[in-house]
Each structure stands twice: as structure tokens, then as C-alpha cells.
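Novice: Sharing query_27.cif here; it has mmCIF, C-alpha atoms, pLDDT in the B column; chains and numbers go by the auth columns.
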```cif
data_data
#
loop_
_atom_site.group_PDB
_atom_site.id
_atom_site.type_symbol
_atom_site.label_atom_id
_atom_site.label_comp_id
_atom_site.label_asym_id
_atom_site.label_seq_id
_atom_site.Cartn_x
_atom_site.Cartn_y
_atom_site.Cartn_z
_atom_site.B_iso_or_equiv
_atom_site.auth_seq_id
_atom_site.auth_asym_id
ATOM 1 C CA MET A 1 10.661 -10.305 -12.402 96.00 1 A
ATOM 2 C CA LYS A 2 10.919 -10.406 -8.636 98.00 2 A
ATOM 3 C CA ILE A 3 8.453 -8.195 -6.799 98.00 3 A
ATOM 4 C CA LEU A 4 8.175 -7.553 -3.070 98.00 4 A
ATOM 5 C CA ILE A 5 4.795 -6.790 -1.488 98.00 5 A
ATOM 6 C CA VAL A 6 4.929 -5.242 1.996 98.00 6 A
ATOM 7 C CA LEU A 7 1.904 -5.465 4.284 98.00 7 A
ATOM 8 C CA THR A 8 1.131 -3.966 7.684 98.00 8 A
ATOM 9 C CA SER A 9 1.233 -5.910 10.956 98.00 9 A
ATOM 10 C CA HIS A 10 -0.894 -3.345 12.833 98.00 10 A
ATOM 11 C CA ASP A 11 -4.439 -4.384 13.758 98.00 11 A
ATOM 12 C CA GLN A 12 -5.821 -1.656 16.056 97.00 12 A
ATOM 13 C CA LEU A 13 -7.836 1.242 14.636 95.00 13 A
ATOM 14 C CA GLY A 14 -6.545 3.932 16.964 94.00 14 A
ATOM 15 C CA ASP A 15 -8.390 3.883 20.286 93.00 15 A
ATOM 16 C CA THR A 16 -11.753 2.917 18.796 94.00 16 A
ATOM 17 C CA GLY A 17 -11.509 -0.714 19.899 95.00 17 A
ATOM 18 C CA ARG A 18 -12.079 -1.722 16.284 96.00 18 A
ATOM 19 C CA LYS A 19 -9.807 -3.871 14.161 97.00 19 A
ATOM 20 C CA THR A 20 -7.886 -2.736 11.097 97.00 20 A
ATOM 21 C CA GLY A 21 -5.014 -4.082 9.010 98.00 21 A
ATOM 22 C CA PHE A 22 -4.453 -4.364 5.273 98.00 22 A
ATOM 23 C CA TRP A 23 -7.236 -4.000 2.690 98.00 23 A
ATOM 24 C CA LEU A 24 -7.829 -7.297 0.886 98.00 24 A
ATOM 25 C CA GLU A 25 -8.415 -5.880 -2.613 98.00 25 A
ATOM 26 C CA GLU A 26 -5.222 -3.846 -2.358 98.00 26 A
ATOM 27 C CA PHE A 27 -3.252 -7.035 -1.807 98.00 27 A
ATOM 28 C CA ALA A 28 -5.199 -9.440 -4.016 98.00 28 A
ATOM 29 C CA ALA A 29 -5.437 -7.314 -7.168 98.00 29 A
ATOM 30 C CA PRO A 30 -1.701 -6.497 -7.340 98.00 30 A
ATOM 31 C CA TYR A 31 -0.724 -10.032 -6.288 98.00 31 A
ATOM 32 C CA TYR A 32 -2.637 -11.595 -9.162 98.00 32 A
ATOM 33 C CA THR A 33 -1.553 -8.891 -11.596 98.00 33 A
ATOM 34 C CA PHE A 34 2.072 -9.729 -10.789 98.00 34 A
ATOM 35 C CA VAL A 35 1.657 -13.512 -10.725 98.00 35 A
ATOM 36 C CA ASP A 36 -0.301 -13.527 -13.990 97.00 36 A
ATOM 37 C CA ALA A 37 2.508 -11.508 -15.569 97.00 37 A
ATOM 38 C CA GLY A 38 4.998 -14.216 -14.576 97.00 38 A
ATOM 39 C CA ALA A 39 6.561 -12.422 -11.623 98.00 39 A
ATOM 40 C CA ALA A 40 7.897 -14.156 -8.551 98.00 40 A
ATOM 41 C CA VAL A 41 6.213 -12.510 -5.567 98.00 41 A
ATOM 42 C CA THR A 42 7.504 -12.355 -1.992 98.00 42 A
ATOM 43 C CA VAL A 43 5.260 -10.977 0.755 98.00 43 A
ATOM 44 C CA ALA A 44 6.733 -9.360 3.876 98.00 44 A
ATOM 45 C CA SER A 45 5.426 -7.617 6.985 98.00 45 A
ATOM 46 C CA PRO A 46 7.056 -6.049 10.053 98.00 46 A
ATOM 47 C CA MET A 47 6.220 -8.979 12.325 98.00 47 A
ATOM 48 C CA GLY A 48 6.182 -11.760 9.731 98.00 48 A
ATOM 49 C CA GLY A 49 3.571 -14.492 9.655 98.00 49 A
ATOM 50 C CA GLN A 50 -0.116 -13.805 9.076 98.00 50 A
ATOM 51 C CA PRO A 51 -0.772 -10.066 8.707 98.00 51 A
ATOM 52 C CA PRO A 52 -4.073 -8.684 10.027 98.00 52 A
ATOM 53 C CA LEU A 53 -6.861 -8.276 7.519 98.00 53 A
ATOM 54 C CA ASP A 54 -9.174 -5.293 7.854 97.00 54 A
ATOM 55 C CA PRO A 55 -12.538 -6.996 8.435 97.00 55 A
ATOM 56 C CA GLN A 56 -14.315 -4.296 6.446 95.00 56 A
ATOM 57 C CA SER A 57 -12.403 -5.387 3.345 97.00 57 A
ATOM 58 C CA ASP A 58 -13.618 -8.981 3.662 95.00 58 A
ATOM 59 C CA THR A 59 -17.340 -8.352 3.296 95.00 59 A
ATOM 60 C CA THR A 60 -19.756 -9.098 0.474 94.00 60 A
ATOM 61 C CA GLU A 61 -19.975 -5.376 -0.259 93.00 61 A
ATOM 62 C CA SER A 62 -16.193 -5.116 -0.672 94.00 62 A
ATOM 63 C CA ALA A 63 -15.796 -8.251 -2.796 95.00 63 A
ATOM 64 C CA THR A 64 -14.107 -7.965 -6.181 96.00 64 A
ATOM 65 C CA GLU A 65 -12.995 -10.461 -8.799 97.00 65 A
ATOM 66 C CA SER A 66 -9.550 -10.540 -7.189 97.00 66 A
ATOM 67 C CA THR A 67 -10.795 -11.070 -3.627 97.00 67 A
ATOM 68 C CA VAL A 68 -13.118 -13.865 -4.744 97.00 68 A
ATOM 69 C CA ARG A 69 -10.195 -15.505 -6.533 98.00 69 A
ATOM 70 C CA PHE A 70 -8.060 -15.184 -3.404 98.00 70 A
ATOM 71 C CA LYS A 71 -10.689 -16.789 -1.179 96.00 71 A
ATOM 72 C CA ALA A 72 -10.523 -19.911 -3.362 97.00 72 A
ATOM 73 C CA ASP A 73 -6.723 -19.934 -3.729 98.00 73 A
ATOM 74 C CA TRP A 74 -5.052 -21.970 -0.988 97.00 74 A
ATOM 75 C CA VAL A 75 -1.576 -21.303 -2.423 96.00 75 A
ATOM 76 C CA ALA A 76 -2.012 -17.524 -2.115 97.00 76 A
ATOM 77 C CA GLN A 77 -3.528 -17.949 1.331 98.00 77 A
ATOM 78 C CA ALA A 78 -0.516 -19.987 2.451 98.00 78 A
ATOM 79 C CA ILE A 79 1.871 -17.325 1.145 97.00 79 A
ATOM 80 C CA LEU A 80 -0.057 -14.640 3.010 98.00 80 A
ATOM 81 C CA ALA A 81 -0.056 -16.678 6.209 98.00 81 A
ATOM 82 C CA ALA A 82 3.731 -16.957 6.149 98.00 82 A
ATOM 83 C CA THR A 83 4.976 -13.470 5.292 98.00 83 A
ATOM 84 C CA VAL A 84 8.680 -12.969 5.891 98.00 84 A
ATOM 85 C CA GLU A 85 9.894 -10.518 8.510 98.00 85 A
ATOM 86 C CA LEU A 86 10.565 -7.156 6.901 98.00 86 A
ATOM 87 C CA VAL A 87 13.881 -6.675 8.714 97.00 87 A
ATOM 88 C CA THR A 88 15.298 -9.674 6.810 97.00 88 A
ATOM 89 C CA VAL A 89 14.466 -8.303 3.355 97.00 89 A
ATOM 90 C CA LYS A 90 16.987 -6.534 1.120 97.00 90 A
ATOM 91 C CA ALA A 91 16.185 -4.396 -1.906 97.00 91 A
ATOM 92 C CA ALA A 92 18.959 -6.102 -3.864 97.00 92 A
ATOM 93 C CA GLY A 93 16.828 -9.228 -4.169 93.00 93 A
ATOM 94 C CA PHE A 94 13.959 -7.543 -5.985 98.00 94 A
ATOM 95 C CA ASP A 95 13.096 -5.481 -9.057 98.00 95 A
ATOM 96 C CA ALA A 96 10.352 -3.434 -7.381 98.00 96 A
ATOM 97 C CA VAL A 97 8.307 -3.035 -4.205 98.00 97 A
ATOM 98 C CA PHE A 98 4.556 -2.576 -3.783 98.00 98 A
ATOM 99 C CA TYR A 99 2.803 -1.361 -0.614 98.00 99 A
ATOM 100 C CA PRO A 100 -0.939 -2.118 -0.282 98.00 100 A
ATOM 101 C CA GLY A 101 -2.953 0.061 2.043 97.00 101 A
ATOM 102 C CA GLY A 102 -5.631 -0.347 4.621 97.00 102 A
ATOM 103 C CA HIS A 103 -5.352 1.890 7.672 98.00 103 A
ATOM 104 C CA GLY A 104 -2.726 -0.291 9.374 98.00 104 A
ATOM 105 C CA PRO A 105 0.334 1.201 7.595 98.00 105 A
ATOM 106 C CA LEU A 106 -0.414 4.617 9.117 98.00 106 A
ATOM 107 C CA TRP A 107 0.689 3.245 12.487 98.00 107 A
ATOM 108 C CA ASP A 108 3.494 0.771 11.804 98.00 108 A
ATOM 109 C CA LEU A 109 5.016 0.988 8.320 98.00 109 A
ATOM 110 C CA ALA A 110 4.953 4.791 8.318 98.00 110 A
ATOM 111 C CA GLU A 111 7.305 4.759 11.309 97.00 111 A
ATOM 112 C CA SER A 112 9.224 1.527 10.604 97.00 112 A
ATOM 113 C CA GLY A 113 12.977 1.989 10.282 97.00 113 A
ATOM 114 C CA SER A 114 13.159 -1.254 8.310 97.00 114 A
ATOM 115 C CA SER A 115 10.579 -0.019 5.823 98.00 115 A
ATOM 116 C CA ILE A 116 12.094 3.454 5.528 98.00 116 A
ATOM 117 C CA SER A 117 15.592 2.136 4.829 97.00 117 A
ATOM 118 C CA LEU A 118 14.204 -0.450 2.412 98.00 118 A
ATOM 119 C CA ILE A 119 12.378 2.183 0.365 98.00 119 A
ATOM 120 C CA GLU A 120 15.454 4.398 0.357 98.00 120 A
ATOM 121 C CA ALA A 121 17.491 1.443 -0.943 98.00 121 A
ATOM 122 C CA PHE A 122 14.993 0.772 -3.740 98.00 122 A
ATOM 123 C CA ILE A 123 15.068 4.438 -4.736 97.00 123 A
ATOM 124 C CA ALA A 124 18.869 4.608 -4.607 97.00 124 A
ATOM 125 C CA ALA A 125 19.012 1.587 -6.908 97.00 125 A
ATOM 126 C CA GLY A 126 16.579 3.165 -9.380 97.00 126 A
ATOM 127 C CA LYS A 127 13.934 0.530 -8.703 98.00 127 A
ATOM 128 C CA PRO A 128 10.208 1.326 -8.734 98.00 128 A
ATOM 129 C CA VAL A 129 8.295 1.944 -5.507 98.00 129 A
ATOM 130 C CA ALA A 130 4.488 1.725 -5.578 98.00 130 A
ATOM 131 C CA ALA A 131 1.945 2.456 -2.840 98.00 131 A
ATOM 132 C CA VAL A 132 -1.844 2.669 -2.919 98.00 132 A
ATOM 133 C CA CYS A 133 -4.602 4.207 -0.800 98.00 133 A
ATOM 134 C CA HIS A 134 -3.238 4.721 2.742 98.00 134 A
ATOM 135 C CA ALA A 135 0.116 3.169 1.888 98.00 135 A
ATOM 136 C CA PRO A 136 1.685 6.366 0.498 98.00 136 A
ATOM 137 C CA ALA A 137 1.924 7.139 4.230 98.00 137 A
ATOM 138 C CA VAL A 138 4.969 4.852 4.263 98.00 138 A
ATOM 139 C CA LEU A 139 6.833 7.600 2.398 98.00 139 A
ATOM 140 C CA HIS A 140 6.456 10.295 5.043 94.00 140 A
ATOM 141 C CA ARG A 141 9.872 9.726 6.653 97.00 141 A
ATOM 142 C CA VAL A 142 11.713 8.555 3.525 98.00 142 A
ATOM 143 C CA LEU A 143 14.506 10.908 2.497 96.00 143 A
ATOM 144 C CA VAL A 144 16.493 11.379 -0.695 95.00 144 A
ATOM 145 C CA ASP A 145 19.486 13.698 -0.446 93.00 145 A
ATOM 146 C CA GLY A 146 18.138 15.037 2.833 94.00 146 A
ATOM 147 C CA HIS A 147 14.722 15.915 1.442 96.00 147 A
ATOM 148 C CA SER A 148 11.387 14.101 1.477 97.00 148 A
ATOM 149 C CA VAL A 149 11.100 11.588 -1.331 97.00 149 A
ATOM 150 C CA VAL A 150 7.763 13.155 -2.339 97.00 150 A
ATOM 151 C CA SER A 151 9.029 16.755 -2.430 97.00 151 A
ATOM 152 C CA GLY A 152 8.344 18.135 -5.893 97.00 152 A
ATOM 153 C CA LYS A 153 6.845 14.824 -7.003 98.00 153 A
ATOM 154 C CA ARG A 154 3.378 14.273 -8.437 98.00 154 A
ATOM 155 C CA VAL A 155 1.628 11.937 -5.987 98.00 155 A
ATOM 156 C CA THR A 156 -1.763 10.730 -4.872 98.00 156 A
ATOM 157 C CA GLY A 157 -3.191 8.736 -1.989 98.00 157 A
ATOM 158 C CA PHE A 158 -6.361 8.355 0.065 98.00 158 A
ATOM 159 C CA SER A 159 -8.061 11.725 -0.123 98.00 159 A
ATOM 160 C CA ASP A 160 -9.353 13.824 2.761 98.00 160 A
ATOM 161 C CA THR A 161 -12.897 13.521 1.378 98.00 161 A
ATOM 162 C CA GLU A 162 -12.627 9.729 1.266 98.00 162 A
ATOM 163 C CA GLU A 163 -11.361 9.676 4.863 97.00 163 A
ATOM 164 C CA GLU A 164 -14.254 11.903 5.878 97.00 164 A
ATOM 165 C CA ALA A 165 -16.669 9.517 4.165 97.00 165 A
ATOM 166 C CA VAL A 166 -15.515 6.625 6.376 95.00 166 A
ATOM 167 C CA HIS A 167 -15.614 8.864 9.486 96.00 167 A
ATOM 168 C CA LEU A 168 -11.989 8.290 10.477 95.00 168 A
ATOM 169 C CA THR A 169 -10.544 11.782 10.016 96.00 169 A
ATOM 170 C CA HIS A 170 -10.076 12.172 13.771 96.00 170 A
ATOM 171 C CA VAL A 171 -8.898 8.590 14.373 95.00 171 A
ATOM 172 C CA VAL A 172 -5.911 8.301 12.060 97.00 172 A
ATOM 173 C CA PRO A 173 -2.512 9.672 13.166 97.00 173 A
ATOM 174 C CA PHE A 174 -2.426 11.857 10.059 97.00 174 A
ATOM 175 C CA LEU A 175 -4.340 12.365 6.821 98.00 175 A
ATOM 176 C CA VAL A 176 -2.536 10.975 3.780 98.00 176 A
ATOM 177 C CA GLU A 177 -3.486 13.837 1.464 98.00 177 A
ATOM 178 C CA ASP A 178 -2.490 16.505 3.975 98.00 178 A
ATOM 179 C CA GLU A 179 0.793 14.799 4.812 98.00 179 A
ATOM 180 C CA LEU A 180 1.811 14.419 1.171 98.00 180 A
ATOM 181 C CA LYS A 181 1.128 18.128 0.655 98.00 181 A
ATOM 182 C CA ARG A 182 3.008 19.077 3.829 98.00 182 A
ATOM 183 C CA LEU A 183 6.047 17.200 2.582 97.00 183 A
ATOM 184 C CA GLY A 184 6.058 19.174 -0.661 98.00 184 A
ATOM 185 C CA GLY A 185 4.317 16.626 -2.827 98.00 185 A
ATOM 186 C CA ILE A 186 2.221 17.819 -5.766 98.00 186 A
ATOM 187 C CA TYR A 187 -0.963 16.058 -4.705 98.00 187 A
ATOM 188 C CA GLU A 188 -3.478 15.052 -7.362 98.00 188 A
ATOM 189 C CA LYS A 189 -6.796 13.260 -7.031 97.00 189 A
ATOM 190 C CA GLY A 190 -9.494 11.743 -9.154 98.00 190 A
ATOM 191 C CA ALA A 191 -13.113 11.119 -8.256 98.00 191 A
ATOM 192 C CA ASP A 192 -13.641 9.557 -4.838 98.00 192 A
ATOM 193 C CA TRP A 193 -13.581 5.737 -4.911 97.00 193 A
ATOM 194 C CA GLN A 194 -12.639 5.618 -8.613 98.00 194 A
ATOM 195 C CA SER A 195 -9.325 4.342 -9.958 98.00 195 A
ATOM 196 C CA PHE A 196 -6.689 7.076 -10.126 98.00 196 A
ATOM 197 C CA VAL A 197 -2.950 6.475 -10.393 98.00 197 A
ATOM 198 C CA VAL A 198 -0.027 8.893 -10.655 98.00 198 A
ATOM 199 C CA VAL A 199 3.389 7.916 -12.016 98.00 199 A
ATOM 200 C CA ASP A 200 6.320 10.272 -11.490 98.00 200 A
ATOM 201 C CA GLY A 201 9.582 8.697 -12.505 97.00 201 A
ATOM 202 C CA ARG A 202 9.944 5.455 -10.561 97.00 202 A
ATOM 203 C CA LEU A 203 7.330 6.417 -7.954 98.00 203 A
ATOM 204 C CA ILE A 204 3.805 5.084 -8.416 98.00 204 A
ATOM 205 C CA THR A 205 0.915 6.079 -6.163 98.00 205 A
ATOM 206 C CA GLY A 206 -2.757 5.109 -6.263 98.00 206 A
ATOM 207 C CA GLN A 207 -5.614 6.964 -4.592 98.00 207 A
ATOM 208 C CA ASN A 208 -7.831 4.211 -3.197 98.00 208 A
ATOM 209 C CA PRO A 209 -8.668 0.468 -3.331 97.00 209 A
ATOM 210 C CA ALA A 210 -10.048 0.785 -6.857 97.00 210 A
ATOM 211 C CA SER A 211 -6.600 1.972 -7.988 98.00 211 A
ATOM 212 C CA SER A 212 -4.793 -1.197 -6.912 98.00 212 A
ATOM 213 C CA ARG A 213 -4.728 -3.119 -10.177 98.00 213 A
ATOM 214 C CA ALA A 214 -3.957 -0.029 -12.266 98.00 214 A
ATOM 215 C CA ALA A 215 -1.003 0.808 -10.006 98.00 215 A
ATOM 216 C CA ALA A 216 0.282 -2.759 -10.297 98.00 216 A
ATOM 217 C CA LEU A 217 0.047 -2.603 -14.087 98.00 217 A
ATOM 218 C CA GLU A 218 2.060 0.645 -14.096 98.00 218 A
ATOM 219 C CA LEU A 219 4.725 -1.016 -11.960 98.00 219 A
ATOM 220 C CA ILE A 220 4.996 -3.913 -14.403 98.00 220 A
ATOM 221 C CA LYS A 221 5.470 -1.440 -17.252 97.00 221 A
ATOM 222 C CA LEU A 222 8.467 0.048 -15.471 97.00 222 A
ATOM 223 C CA ILE A 223 10.262 -3.272 -14.986 96.00 223 A
ATOM 224 C CA SER A 224 9.273 -5.162 -18.143 89.00 224 A
#
```
Could you spell out this file's structure in C-alpha cells?

Specialist:
Amino acid sequence: MKILIVLTSHDQLGDTGRKTGFWLEEFAAPYYTFVDAGAAVTVASPMGGQPPLDPQSDTTESATESTVRFKADWVAQAILAATVELVTVKAAGFDAVFYPGGHGPLWDLAESGSSISLIEAFIAAGKPVAAVCHAPAVLHRVLVDGHSVVSGKRVTGFSDTEEEAVHLTHVVPFLVEDELKRLGGIYEKGADWQSFVVVDGRLITGQNPASSRAAALELIKLIS
């Protein structure tokens, strides 16, 4: 199995002056789920190199088994520090793609032509596409036969109530839940901050950080 993980390169939380990026658990849990299953994992980002880590995801309060494992894993840290540039990546080289969240993707990956065309290539090839938390935002300009990829699809993503809870409703460029609905997606949600994953065909979406491992496990099922 060859799995691509795509991370954000964006580190500014709107005009708040605060830092953002990718959410550590949303990278670490899928990464180890894939590696432990024997997959070869490649990590990419729009700018390549070290992607920005959301500092809020690297606190004691946010620590999980996967993040603790990552902090002691110099091999994984080296892979993360040397992500390949997204523009150089082709869907043909992989069996599936996984997008971790954090708020960063709302600004760069959601609008990235490289990311949009990559996802469209994965879908055209019948290969699974997975995105968790804020990362379903990367789908908002992806088209299939001239229509949004989420139109008529069961999907989930970071909920409006979860965004309200972190007081960023008026900071983000758009709300993931609202955008998925606007695009014709059949939005579903579980309890806030609890694992909830939706699989519709080859599209896998997870609601929040707690959904990361479950979404990765569903992706493995589709390519095993």
C-alpha cells in the first residue's frame, strides 16, 4: 500500500496574529495507523519542507497516544520536516490520499490548484480520498462531471458548534459544515469532539481530531 498524506503550509490564523497550521493528532494517528498496517507513507505540502504545526495541538491537554509516540520518533519527525512539494506529486503513484486538518487547509489547500487537480485525479482513478476535521474544506472546489464532488454525498467535517466552541466562527474564511451543505453534501454529525466518520463510496470524512484514527482505518479497509 502506498498512501499520500497532504498537510497545509499555511500558518496564519486569519488576521488574529495567532499561529495555525496542521493539527498534530490528525497527522500522527493516521500516520501510525498506516505505517503499522505496512503502508509506505509519503507526506506532501504546498510549499514542501517543514509544515507549520498548530501550537494548540502540541500542548499537554491535546496529547494523545499517537502524539506522544510521534514526539519520541525521530524517523517520523524527519519525514515531516522534509515533506515533498505538492505540485510534484501524481495520483498514479499512490493507492489513496489522506488530508489531516487543523485550520490551515481552509486558507491554502482549499484554494490550491495542485490539490484540487490531485483529488480529482484520485477520484477519476477510483482511489479513496479521506479528509478529517477542517480538511473536508479541500473538497470545496473539487468537481466531478461539472458538479461538486460532495453533491449528493454523505459527508461530515468540523461542525458549526465545534467552531463556535473555539471562538473562530468569524475568523475562518468559511465554516466547513455550512460549506459542505451549500455544495449539496448530505452533512451528518456526531457528538461534538467525539469520533464520527462517514464513508460514502470512496470518500471518507471525519468530523474532528478524535475521528482521525477511525477515518484512517476506514481508508485501509478500502485499499486492503

Novice: Hey, which bits of stretch 89-123 of chain A sit within 9 Å of stretch 171-178 of chain A, and for each residue what's the closest pair of atoms and how far apart in Å (one decimal), counting all atoms listed in the file, rows by chain and increasing number, as a tab-separated table?

Specialist:
```
residue	atom	partner	partner_atom	distance
A:His103	CA	A:Val172	CA	7.8
A:Leu106	CA	A:Pro173	CA	6.8
A:Trp107	CA	A:Pro173	CA	7.2
```

Novice: If we count only C-alpha atoms and set the cut-off at 12 Å, which residues sit around A:His147, ignoring sequence neighbours fewer than 5 positions away in its own chain? Please answer as an NGL selection string.

Specialist: :A and (120 or 139-142 or 152-153 or 183-185)

Novice: Near A:Ile119, within 10 Å and counting all atoms listed in the file, which residues show up once chain neighbours fewer than 5 positions away are dropped, as a list in words?

Specialist: Lys90, Ala91, Ala96, Val97, Gly113, Ser114, Ala124, Ala125, Lys127, Pro128, Val129, Ala130, Val138, Leu139, Val142, Leu143 and Val149 of chain A

Novice: Take atom CA of A:His10 and atom CA of A:Leu109 and report the distance between them in Å, one decimal.

Specialist: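 Computing it gives 8.6 Å between the two atoms.
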
Novice: Find the distance between atom CA of A:Phe122 and atom CA of A:Gly48 and write it in Å to one decimal.

Specialist: 20.4 Å

Novice: Write out as JSON lines the residues of stretch 72-155 of chain A that have any atom within 12 Å of an atom of stretch 30-35 of chain A, one row each with the nearest atom pair and its distance in Å to one decimal, counting only C-alpha atoms, sorted by chain and then rising number.

Specialist:
```
{"residue": "A:Asp73", "atom": "CA", "partner": "A:Tyr32", "partner_atom": "CA", "distance": 10.8}
{"residue": "A:Val75", "atom": "CA", "partner": "A:Val35", "partner_atom": "CA", "distance": 11.8}
{"residue": "A:Ala76", "atom": "CA", "partner": "A:Tyr31", "partner_atom": "CA", "distance": 8.7}
{"residue": "A:Gln77", "atom": "CA", "partner": "A:Tyr31", "partner_atom": "CA", "distance": 11.3}
{"residue": "A:Ile79", "atom": "CA", "partner": "A:Tyr31", "partner_atom": "CA", "distance": 10.7}
{"residue": "A:Leu80", "atom": "CA", "partner": "A:Tyr31", "partner_atom": "CA", "distance": 10.4}
{"residue": "A:Asp95", "atom": "CA", "partner": "A:Phe34", "partner_atom": "CA", "distance": 11.9}
{"residue": "A:Ala96", "atom": "CA", "partner": "A:Phe34", "partner_atom": "CA", "distance": 10.9}
{"residue": "A:Val97", "atom": "CA", "partner": "A:Pro30", "partner_atom": "CA", "distance": 11.0}
{"residue": "A:Phe98", "atom": "CA", "partner": "A:Pro30", "partner_atom": "CA", "distance": 8.2}
{"residue": "A:Tyr99", "atom": "CA", "partner": "A:Pro30", "partner_atom": "CA", "distance": 9.6}
{"residue": "A:Pro100", "atom": "CA", "partner": "A:Pro30", "partner_atom": "CA", "distance": 8.3}
{"residue": "A:Gly101", "atom": "CA", "partner": "A:Pro30", "partner_atom": "CA", "distance": 11.5}
{"residue": "A:Ala130", "atom": "CA", "partner": "A:Pro30", "partner_atom": "CA", "distance": 10.4}
{"residue": "A:Ala131", "atom": "CA", "partner": "A:Pro30", "partner_atom": "CA", "distance": 10.7}
{"residue": "A:Val132", "atom": "CA", "partner": "A:Pro30", "partner_atom": "CA", "distance": 10.2}
```

Novice: Can you work out which one of A:Trp193, A:Asp145, A:Gln207, A:Ala72 has the shortest atom-to-atom distance to A:Val166, counting all atoms listed in the file?

Specialist: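 Closest candidate: A:Trp193.
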
Novice: For A:Gly93, which residue among A:Val197, A:Leu168, A:Tyr187, A:Lys2 is the nearest when counting only C-alpha atoms?

Specialist: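 Smallest distance to A:Gly93 is found for A:Lys2.
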
Novice: Could you spell out the hits of the PyMOL selection byres ((chain A and resi 42) around 10) on the shown file, as a list in words?

Specialist: Lys2, Ile3, Leu4, Ile5, Val6, Tyr31, Ala39, Ala40, Val41, Val43, Ala44, Ile79, Leu80, Thr83, Val84, Val89, Phe94 and Val97 of chain A

Novice: May I have the protein, DNA and RNA residues with any atom at most 7 Å from the point (-11.0, 0.0, -0.4), counting only C-alpha atoms, written as a PyMOL selection string?

Specialist: chain A and resi 23+25+57+208-210

Novice: Residues of the last selection are to be written out with C-alpha atoms, as a PDB file, in the coordinates of the input.

Specialist:
```pdb
ATOM      1  CA  TRP A  23      -7.236  -4.000   2.690  1.00 98.00           C
ATOM      2  CA  GLU A  25      -8.415  -5.880  -2.613  1.00 98.00           C
ATOM      3  CA  SER A  57     -12.403  -5.387   3.345  1.00 97.00           C
ATOM      4  CA  ASN A 208      -7.831   4.211  -3.197  1.00 98.00           C
ATOM      5  CA  PRO A 209      -8.668   0.468  -3.331  1.00 97.00           C
ATOM      6  CA  ALA A 210     -10.048   0.785  -6.857  1.00 97.00           C
TER       7      ALA A 210
END
```

Novice: Have a look at A:Ala81, A:Cys133, A:Ala29, A:Ile186 and name the one nearest to A:Asp160; count all atoms listed in the file.

Specialist: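 Smallest separation from A:Asp160 among the options: A:Cys133.
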
Novice: Please report the interatomic distance between atom CA of A:Thr88 and atom CA of A:Ser45 in Å with one decimal.

Specialist: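 Interatomic distance, atom CA of A:Thr88 to atom CA of A:Ser45: 10.1 Å.
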
Novice: As a check of understanding, name the residues that the PyMOL selection byres ((chain A and resi 55) around 12) selects in the supplied structure, as a ChimeraX atom specification.

Specialist: /A:11-13,18-25,52-54,56-63,102-104

Novice: Build an axis-aligned box that encloses every atom of stretch 159-173 of chain A listed in the file, pad it by 4 Å on each side, and report its centre and edge lengths in Å to one decimal, as JSON.

Specialist:
```
{"center_x": -9.6, "center_y": 10.2, "center_z": 7.1, "size_x": 22.2, "size_y": 15.2, "size_z": 22.5}
```
